[in-house]
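Engineer: Input file: final27.txt. Contents: compact mmCIF, C-alpha atoms and all ligand atoms.
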```txt
# COMPACT_ATOMS: atom_id res chain seq x y z
CA MET A 1 68.55 -67.97 31.20
CA GLU A 2 67.31 -64.37 30.96
CA ALA A 3 66.36 -63.07 27.55
CA THR A 4 66.09 -59.33 27.63
CA ASN A 5 64.76 -58.56 24.19
CA ALA A 6 63.45 -60.15 21.02
CA THR A 7 66.90 -60.62 19.48
CA THR A 8 68.34 -62.51 22.41
CA MET A 9 65.26 -64.73 22.61
CA LYS A 10 65.91 -65.61 18.95
CA GLU A 11 69.42 -66.60 19.92
CA VAL A 12 68.10 -68.69 22.80
CA VAL A 13 65.80 -70.50 20.38
CA GLN A 14 68.71 -71.08 17.99
CA GLN A 15 70.80 -72.63 20.75
CA LYS A 16 67.90 -74.76 21.96
CA TRP A 17 67.16 -75.99 18.48
CA GLY A 18 70.63 -77.43 18.09
CA LYS A 19 70.66 -79.00 21.56
CA ARG A 20 70.44 -82.76 22.03
CA PRO A 21 68.36 -84.01 23.71
CA LEU A 22 65.87 -81.23 23.13
CA ILE A 23 63.26 -81.27 25.90
CA ILE A 24 59.92 -79.58 25.36
CA ALA A 25 57.39 -79.73 28.19
CA GLY A 26 54.27 -77.99 29.39
CA PRO A 27 50.57 -78.46 29.81
CA CYS A 28 48.37 -80.01 27.16
CA SER A 29 46.35 -76.78 27.36
CA ALA A 30 46.82 -73.33 28.78
CA GLU A 31 43.86 -73.06 31.19
CA THR A 32 44.35 -70.04 33.45
CA GLU A 33 47.05 -67.44 33.84
CA GLU A 34 47.94 -68.86 37.24
CA GLN A 35 48.24 -72.42 35.91
CA VAL A 36 50.46 -71.29 33.03
CA LEU A 37 52.77 -69.21 35.23
CA GLN A 38 53.03 -71.80 37.99
CA THR A 39 53.71 -74.60 35.54
CA ALA A 40 56.34 -72.49 33.78
CA THR A 41 58.09 -71.65 37.04
CA GLU A 42 58.15 -75.26 38.17
CA LEU A 43 59.31 -76.52 34.80
CA GLN A 44 62.15 -74.04 34.84
CA LYS A 45 63.09 -75.17 38.37
CA THR A 46 63.80 -78.67 37.06
CA GLY A 47 66.61 -77.15 34.99
CA LYS A 48 65.89 -79.69 32.26
CA VAL A 49 63.29 -78.06 30.04
CA ASP A 50 64.42 -76.17 26.92
CA ILE A 51 61.10 -75.00 25.52
CA MET A 52 57.68 -74.68 27.12
CA ARG A 53 54.67 -76.02 25.26
CA ALA A 54 51.01 -75.13 25.81
CA GLY A 55 47.96 -75.74 23.64
CA ILE A 56 45.94 -72.56 23.03
CA TRP A 57 43.58 -73.95 20.41
CA LYS A 58 42.72 -77.61 20.97
CA PRO A 59 41.46 -79.67 18.04
CA ARG A 60 39.23 -82.18 19.80
CA THR A 61 38.05 -85.31 18.09
CA ARG A 62 34.50 -84.74 19.34
CA PRO A 63 32.74 -81.49 20.32
CA GLY A 64 31.77 -80.77 23.89
CA SER A 65 35.14 -80.97 25.58
CA PHE A 66 37.48 -78.06 26.28
CA GLU A 67 38.52 -76.57 22.95
CA GLY A 68 41.28 -74.34 24.26
CA ILE A 69 41.33 -70.94 25.92
CA GLY A 70 42.08 -69.21 22.62
CA THR A 71 43.99 -66.00 21.91
CA LYS A 72 43.33 -64.77 25.45
CA GLY A 73 45.96 -67.27 26.68
CA LEU A 74 48.78 -65.95 24.50
CA PRO A 75 49.73 -63.04 26.79
CA TRP A 76 50.05 -65.59 29.64
CA LEU A 77 52.68 -67.40 27.61
CA GLN A 78 54.44 -64.09 26.95
CA GLN A 79 54.47 -63.54 30.68
CA ALA A 80 55.73 -67.08 31.36
CA LYS A 81 58.56 -66.46 28.94
CA LYS A 82 59.42 -63.19 30.64
CA ILE A 83 59.57 -64.84 34.06
CA THR A 84 61.47 -67.99 33.08
CA GLY A 85 63.39 -67.11 29.91
CA MET A 86 62.04 -70.29 28.28
CA PRO A 87 60.92 -69.96 24.66
CA VAL A 88 57.31 -71.04 24.10
CA ALA A 89 55.71 -73.36 21.56
CA VAL A 90 52.04 -73.59 20.55
CA GLU A 91 50.03 -75.62 18.09
CA VAL A 92 48.65 -73.75 15.07
CA ALA A 93 45.97 -75.05 12.76
CA THR A 94 44.77 -72.01 10.75
CA ALA A 95 46.25 -68.84 9.21
CA LYS A 96 44.53 -66.74 11.86
CA GLN A 97 46.11 -68.80 14.63
CA VAL A 98 49.54 -68.35 13.03
CA GLU A 99 48.94 -64.60 12.88
CA ASP A 100 47.84 -64.41 16.53
CA ALA A 101 50.70 -66.63 17.71
CA LEU A 102 53.26 -64.47 15.90
CA HIS A 103 51.64 -61.30 17.21
CA PHE A 104 52.23 -62.57 20.75
CA ASP A 105 55.84 -63.63 20.06
CA VAL A 106 55.39 -67.39 20.09
CA ASP A 107 58.86 -68.82 19.40
CA VAL A 108 58.09 -72.24 17.98
CA ALA A 109 54.93 -73.44 16.18
CA TRP A 110 53.80 -77.01 15.83
CA ILE A 111 51.31 -78.63 13.53
CA GLY A 112 49.06 -81.16 15.26
CA ALA A 113 48.32 -84.69 14.13
CA ARG A 114 44.76 -83.82 13.11
CA THR A 115 46.07 -81.00 10.93
CA THR A 116 48.94 -82.85 9.25
CA VAL A 117 46.33 -85.11 7.63
CA ASN A 118 44.82 -82.19 5.73
CA PRO A 119 46.92 -80.71 2.90
CA PHE A 120 44.59 -77.68 2.61
CA SER A 121 45.15 -76.80 6.26
CA VAL A 122 48.89 -77.41 6.06
CA GLN A 123 49.12 -75.22 2.95
CA GLU A 124 47.14 -72.47 4.67
CA ILE A 125 49.59 -72.56 7.60
CA ALA A 126 52.56 -72.66 5.22
CA ASP A 127 51.28 -69.57 3.39
CA ALA A 128 50.76 -67.75 6.68
CA LEU A 129 54.33 -68.61 7.69
CA ARG A 130 55.93 -67.36 4.48
CA GLY A 131 58.75 -64.95 5.29
CA VAL A 132 58.67 -65.83 8.97
CA ASP A 133 61.77 -67.15 10.66
CA ILE A 134 60.64 -69.52 13.41
CA PRO A 135 61.13 -73.25 13.89
CA VAL A 136 58.16 -75.45 13.02
CA LEU A 137 57.55 -78.93 14.37
CA ILE A 138 55.29 -81.27 12.44
CA LYS A 139 53.50 -84.09 14.19
CA ASN A 140 52.87 -87.29 12.32
CA PRO A 141 49.35 -87.55 10.86
CA ILE A 142 46.91 -89.57 12.98
CA ASN A 143 46.89 -92.30 10.32
CA PRO A 144 50.05 -94.25 9.47
CA ASP A 145 50.84 -92.47 6.21
CA LEU A 146 54.45 -91.33 5.74
CA GLU A 147 53.61 -89.53 2.49
CA LEU A 148 51.16 -87.21 4.26
CA TRP A 149 53.74 -86.49 6.96
CA LEU A 150 56.33 -85.80 4.32
CA GLY A 151 53.91 -83.70 2.27
CA ALA A 152 53.45 -81.44 5.27
CA VAL A 153 57.23 -81.12 5.66
CA GLU A 154 57.54 -80.19 1.98
CA ARG A 155 54.78 -77.57 2.16
CA ILE A 156 56.35 -75.91 5.20
CA ALA A 157 59.85 -76.11 3.65
CA LYS A 158 58.58 -74.53 0.42
CA ALA A 159 57.27 -71.60 2.45
CA GLY A 160 60.91 -70.88 3.33
CA ILE A 161 60.95 -72.26 6.89
CA LYS A 162 64.49 -73.45 7.53
CA GLN A 163 64.18 -75.10 10.92
CA ILE A 164 61.78 -78.00 10.61
CA GLY A 165 61.49 -80.88 13.02
CA LEU A 166 59.27 -83.94 13.29
CA ILE A 167 57.25 -85.10 16.28
CA HIS A 168 56.43 -88.79 16.48
CA ARG A 169 53.19 -89.01 18.52
CA GLY A 170 51.92 -92.42 17.42
CA PHE A 171 49.02 -93.42 15.18
CA SER A 172 45.32 -93.98 15.81
CA SER A 173 44.29 -97.57 15.82
CA TYR A 174 40.90 -99.06 16.31
CA GLY A 175 40.21 -101.18 19.36
CA ASN A 176 41.90 -101.58 22.69
CA THR A 177 45.64 -101.52 22.82
CA GLU A 178 48.07 -100.72 25.54
CA TYR A 179 48.59 -97.31 23.90
CA ARG A 180 46.36 -94.36 23.15
CA ASN A 181 48.18 -94.06 19.82
CA ALA A 182 50.17 -97.03 18.58
CA PRO A 183 53.83 -96.00 18.30
CA MET A 184 54.53 -98.03 15.14
CA TRP A 185 58.22 -97.36 15.71
CA HIS A 186 59.11 -98.71 12.29
CA LEU A 187 57.44 -95.69 10.65
CA ALA A 188 59.46 -93.22 12.69
CA ILE A 189 62.59 -95.26 11.90
CA GLU A 190 61.74 -95.21 8.20
CA MET A 191 61.28 -91.42 8.35
CA LYS A 192 64.73 -91.14 10.00
CA ARG A 193 66.24 -93.39 7.36
CA ARG A 194 64.81 -91.37 4.50
CA TYR A 195 65.49 -87.94 6.00
CA PRO A 196 68.43 -88.25 8.38
CA GLU A 197 68.90 -84.47 8.41
CA LEU A 198 65.43 -83.81 9.90
CA MET A 199 65.30 -83.53 13.65
CA ILE A 200 62.81 -85.95 15.21
CA ILE A 201 61.51 -85.87 18.74
CA ASN A 202 59.18 -88.27 20.47
CA ASP A 203 55.88 -87.46 22.19
CA PRO A 204 55.40 -90.23 24.75
CA SER A 205 52.40 -88.42 26.28
CA HIS A 206 50.13 -88.82 23.25
CA ILE A 207 51.47 -92.28 22.47
CA CYS A 208 50.76 -93.58 25.98
CA GLY A 209 47.66 -91.65 27.02
CA ARG A 210 48.54 -92.68 30.58
CA ARG A 211 51.31 -92.03 33.05
CA ASP A 212 52.52 -95.49 34.01
CA ILE A 213 54.22 -96.33 30.71
CA LEU A 214 55.58 -92.87 29.83
CA GLN A 215 59.04 -93.65 31.14
CA ASP A 216 59.36 -96.84 29.07
CA VAL A 217 58.28 -95.16 25.86
CA ALA A 218 60.58 -92.18 26.44
CA GLN A 219 63.50 -94.54 27.08
CA LYS A 220 62.74 -96.51 23.95
CA ALA A 221 62.76 -93.30 21.89
CA ILE A 222 66.14 -92.32 23.30
CA ASP A 223 67.44 -95.84 22.65
CA LEU A 224 66.29 -95.39 19.04
CA ASP A 225 68.39 -92.22 18.76
CA PHE A 226 65.57 -89.67 18.77
CA ASP A 227 66.74 -86.07 19.14
CA GLY A 228 64.50 -85.23 22.07
CA LEU A 229 61.15 -85.48 23.82
CA ILE A 230 57.97 -83.44 24.12
CA ILE A 231 56.12 -84.31 27.31
CA GLU A 232 52.91 -82.91 28.78
CA SER A 233 53.33 -81.53 32.27
CA HIS A 234 50.78 -79.79 34.48
CA ILE A 235 50.89 -78.52 38.06
CA ASP A 236 47.71 -80.46 38.90
CA PRO A 237 47.49 -83.27 36.31
CA ASP A 238 44.38 -84.99 37.70
CA ASN A 239 42.40 -81.79 37.29
CA ALA A 240 43.74 -80.82 33.87
CA TRP A 241 41.07 -79.61 31.44
CA SER A 242 42.40 -81.89 28.70
CA ASP A 243 44.48 -85.07 28.60
CA ALA A 244 44.42 -85.40 32.40
CA LYS A 245 45.38 -89.07 32.42
CA GLN A 246 48.68 -88.60 30.63
CA GLN A 247 50.04 -85.44 32.26
CA ILE A 248 52.63 -85.42 35.02
CA THR A 249 53.79 -82.75 37.45
CA PRO A 250 56.97 -80.84 36.66
CA ALA A 251 58.62 -82.56 39.66
CA ARG A 252 57.72 -85.99 38.29
CA LEU A 253 58.96 -84.90 34.87
CA GLY A 254 62.30 -83.99 36.44
CA GLU A 255 62.54 -87.44 38.03
CA MET A 256 61.57 -89.14 34.81
CA LEU A 257 64.25 -87.32 32.84
CA ASP A 258 66.77 -88.17 35.57
CA ASN A 259 65.90 -91.84 35.26
CA ILE A 260 66.40 -91.98 31.52
CA THR A 261 69.65 -93.53 30.38
CA TRP A 262 70.93 -91.07 27.79
CA ARG A 263 72.93 -92.87 25.17
CA LYS A 264 75.49 -91.73 22.64
CA GLU A 265 74.98 -92.35 18.97
CA ASP A 266 78.55 -93.50 18.48
CA SER A 267 81.82 -94.12 20.28
CA SER A 268 85.38 -93.19 19.36
CA SER A 269 86.81 -96.41 20.88
CA GLU A 270 88.45 -98.66 18.27
CA GLU A 271 87.83 -101.73 20.40
CA TYR A 272 84.12 -100.98 20.45
CA HIS A 273 84.04 -100.58 16.67
CA ALA A 274 86.00 -103.79 16.05
CA ALA A 275 83.74 -105.84 18.33
CA LEU A 276 80.64 -104.28 16.80
CA GLU A 277 81.90 -104.97 13.29
CA LYS A 278 82.41 -108.65 14.13
CA LEU A 279 78.87 -108.98 15.49
CA ARG A 280 77.48 -107.13 12.48
CA GLN A 281 79.20 -109.57 10.16
CA GLN A 282 77.50 -112.41 12.01
CA ILE A 283 74.17 -110.65 11.52
CA ASN A 284 74.86 -110.17 7.81
CA HIS A 285 75.79 -113.80 7.47
CA LEU A 286 72.63 -114.99 9.25
CA ASP A 287 70.50 -112.61 7.17
CA ASP A 288 72.03 -114.07 3.99
CA GLU A 289 71.22 -117.57 5.19
CA LEU A 290 67.67 -116.60 6.05
CA MET A 291 67.25 -115.13 2.57
CA GLN A 292 68.50 -118.32 0.94
CA ILE A 293 66.18 -120.45 3.03
CA LEU A 294 63.26 -118.18 2.22
CA GLY A 295 64.09 -118.54 -1.47
CA GLN A 296 64.07 -122.33 -1.08
CA ARG A 297 60.78 -122.13 0.79
CA MET A 298 59.23 -120.24 -2.11
CA LYS A 299 60.49 -122.83 -4.59
CA VAL A 300 58.68 -125.52 -2.58
CA ALA A 301 55.57 -123.34 -2.49
CA GLU A 302 55.73 -123.08 -6.28
CA LYS A 303 55.85 -126.89 -6.54
CA ILE A 304 52.79 -127.09 -4.31
CA GLY A 305 51.16 -124.46 -6.56
CA GLN A 306 51.82 -126.59 -9.62
CA TYR A 307 50.47 -129.66 -7.88
CA LYS A 308 47.30 -127.85 -6.74
CA LYS A 309 46.85 -126.47 -10.23
CA ASP A 310 47.08 -129.95 -11.76
CA ASN A 311 44.41 -131.10 -9.31
CA ASN A 312 42.34 -127.90 -9.50
CA ILE A 313 42.54 -127.08 -5.77
CA THR A 314 42.37 -123.60 -4.15
CA ILE A 315 45.59 -121.93 -2.95
CA LEU A 316 44.37 -121.03 0.51
CA GLN A 317 43.40 -123.79 2.90
CA THR A 318 42.50 -122.20 6.21
CA ASN A 319 43.12 -125.36 8.23
CA ARG A 320 46.63 -125.69 6.96
CA TRP A 321 47.31 -122.00 7.63
CA ASN A 322 46.10 -122.35 11.24
CA GLU A 323 48.30 -125.39 11.67
CA ILE A 324 51.37 -123.49 10.38
CA LEU A 325 50.70 -120.60 12.75
CA GLU A 326 50.13 -122.73 15.84
CA ARG A 327 53.32 -124.64 15.14
CA ALA A 328 55.24 -121.41 14.63
CA TYR A 329 53.95 -119.85 17.88
CA ALA A 330 55.06 -122.90 19.85
CA LYS A 331 58.49 -123.11 18.21
CA GLY A 332 58.97 -119.33 18.24
CA ASP A 333 58.21 -119.19 21.93
CA LYS A 334 61.03 -121.66 22.60
CA GLN A 335 63.39 -119.41 20.61
CA GLY A 336 62.35 -116.32 22.56
CA LEU A 337 60.39 -114.86 19.63
CA SER A 338 57.23 -112.94 20.51
CA LYS A 339 53.82 -113.98 19.23
CA GLU A 340 53.48 -110.51 17.71
CA PHE A 341 56.65 -110.97 15.69
CA ILE A 342 55.76 -114.51 14.60
CA THR A 343 52.37 -113.28 13.41
CA LYS A 344 53.88 -110.47 11.34
CA TYR A 345 56.67 -112.64 10.00
CA PHE A 346 54.42 -115.53 9.01
CA ASP A 347 51.84 -113.18 7.50
CA ALA A 348 54.57 -111.80 5.26
CA VAL A 349 56.01 -115.22 4.38
CA HIS A 350 52.55 -116.64 3.76
CA MET A 351 51.56 -113.75 1.48
CA GLU A 352 54.76 -114.12 -0.51
CA SER A 353 54.06 -117.85 -0.81
CA ILE A 354 50.53 -117.18 -2.01
CA ASN A 355 51.84 -114.72 -4.60
CA HIS A 356 54.33 -117.31 -5.88
CA GLN A 357 51.62 -119.98 -6.07
CA ASN A 358 49.26 -117.54 -7.74
CA ARG A 359 51.80 -116.81 -10.47
CA ILE A 360 52.21 -120.53 -11.13
CA MET A 361 48.48 -121.22 -11.12
CA ASN A 362 47.67 -118.43 -13.52
CA ALA A 363 50.71 -118.83 -15.72
C1 LIG A 401 48.71 -81.94 21.81
O1 LIG A 401 49.94 -81.90 21.63
O2 LIG A 401 48.16 -81.57 22.84
C2 LIG A 401 47.89 -82.54 20.75
C3 LIG A 401 46.66 -82.14 20.49
O3 LIG A 401 48.52 -83.54 20.18
P1 LIG A 401 48.21 -84.38 18.83
O4 LIG A 401 48.13 -83.39 17.72
O5 LIG A 401 49.42 -85.24 18.78
O6 LIG A 401 46.97 -85.15 19.08
MN MN A 402 47.38 -83.18 24.69
```
Turn the structure described in the file into structure tokens.

Structural biologist:
Amino acid sequence: MEATNATTMKEVVQQKWGKRPLIIAGPCSAETEEQVLQTATELQKTGKVDIMRAGIWKPRTRPGSFEGIGTKGLPWLQQAKKITGMPVAVEVATAKQVEDALHFDVDVAWIGARTTVNPFSVQEIADALRGVDIPVLIKNPINPDLELWLGAVERIAKAGIKQIGLIHRGFSSYGNTEYRNAPMWHLAIEMKRRYPELMIINDPSHICGRRDILQDVAQKAIDLDFDGLIIESHIDPDNAWSDAKQQITPARLGEMLDNITWRKEDSSSEEYHAALEKLRQQINHLDDELMQILGQRMKVAEKIGQYKKDNNITILQTNRWNEILERAYAKGDKQGLSKEFITKYFDAVHMESINHQNRIMNA
């Protein structure tokens, strides 16, 4: 798509913004003019990328690594846009960066995870964006805090920005996990539940931190009805100046997107709806039964509480708790329930039990 002047590029951005799935791709960082232009050309060749991303200022957790090429890279993005017709997106973290990005016609701004955590920074960006009509994407904060994420949305909305979207990029967690940033899907789902009108796209690159599981995470996001994906892509991923391990070539990106099963949110078939409704009733019925059983379980826990109180015994007995868990893992496994789920479920049930016993003991 050729955009000949600023007005038509605005229209292109408008169309892209409403498109589902919205695909944003590009290098973690703009490094050299050649790298930016080559990546842009190859991304456009895939025919699947709506908006090109490139980091110009890179907030690094620790000093000493590449901190972004800076303002010098912005004309390269202008050039990339001219050649390919793709709108460009960059991360902004300060008022000065907003000013520079706008000066060089950046089409979409995003707020990074390390910025969303800081209300002062978000407010500074919001103030710099006042009166500006560009879409803004807001990454989740690095810590699992929906209020902070939401606070950032509110600050940007109050500055008059109309097109706001969310990027789910996972959450920092301490220790070794399969992911660079734990997806904690339930938080993204909760954000969707609370704000169904906000667009939300998934960033498998920063969730995975590695290439081999990108496809699975992207598919899961699409299965969960995300509106699109933002994926890091570089012409020479192994030699990228930042996030080398998670970047993929534009050709590989094209394949990956081809391999995704794109699903519809709904169907117009009456048969489908009738069958689904039946199954949903079964689920509701089973959920009701579970709730009743849980209520009964708590009543028994209260009796135990009373009994322990009469005999002046502590609520928590670690041995017994271990025994419950081991039993549950074994039984759960037979029912096809994962150890992870059993742990979470029993933690919750156990805590509720303790709270019931505690009320009895201290009544
Ligand atoms: C990035 O998109 O390159 C980036 C720095 O991501 P995040 O803010 O999610 O860490
Ligand atoms: Mn990155």

Engineer: Against range 118-136 of chain A, which residues of range 63-107 of chain A fall within 9 Å? For each one I want the closest pair of atoms and the distance in Å (one decimal), counting all atoms listed in the file, rows by chain and increasing residue number, as CSV.

Structural biologist:
```
residue,atom,partner,partner_atom,distance
A:Val92,CA,A:Ile125,CA,7.6
A:Ala93,CA,A:Ile125,CA,6.8
A:Thr94,CA,A:Ile125,CA,5.8
A:Ala95,CA,A:Ile125,CA,5.3
A:Lys96,CA,A:Ala128,CA,8.2
A:Gln97,CA,A:Ile125,CA,8.7
A:Val98,CA,A:Ala128,CA,6.5
A:Glu99,CA,A:Ala128,CA,7.2
A:Leu102,CA,A:Val132,CA,8.9
A:Val106,CA,A:Ile134,CA,8.8
A:Asp107,CA,A:Ile134,CA,6.3
```

Engineer: Put a box with edges along x, y and z around all the listed atoms of ligand LIG 401 (chain A), pad it by 6 Å on each side, then give me its centre and sizes in Å, one decimal, as AutoDock Vina command-line options.

Structural biologist:
```
--center_x 48.3 --center_y -83.4 --center_z 20.3 --size_x 15.3 --size_y 15.7 --size_z 17.1
```

Engineer: One decimal, in Å: what's the spacing between atom O6 of ligand LIG 401 (chain A) and CA of Ile83 in chain A?

Structural biologist: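 Straight-line distance from atom O6 of ligand LIG 401 (chain A) to CA of Ile83 in chain A works out to 28.2 Å.
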
Engineer: Between A:Ala80, A:Ile207, A:Ile156, A:Val88, which one has atoms that come closest to ligand LIG 401 (chain A), using all atoms listed in the file?

Structural biologist: A:Ile207

Engineer: So which residues are near ligand LIG 401 (chain A), meaning at most 7 Å away with all atoms listed in the file counted, given back as a list of chain:residue names?

Structural biologist: A:Cys28, A:Ser29, A:Gly55, A:Lys58, A:Pro59, A:Gly112, A:Ala113, A:Arg114, A:Lys139, A:Arg169, A:His206

Engineer: Can you tell me which residues come within 10 Å of ligand MN 402 (chain A) when counting all atoms listed in the file, ideally as a ChimeraX atom specification?

Structural biologist: /A:26-29,54-55,58-60,112,203,205-206,209,231-233,241-247

Engineer: When distances are computed from only C-alpha atoms, which of A:His350, A:His168, A:His285, A:Arg194 shows the smallest separation from Leu316 in chain A?

Structural biologist: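 Among A:His350, A:His168, A:His285, A:Arg194, it is A:His350 that comes nearest to Leu316 in chain A.
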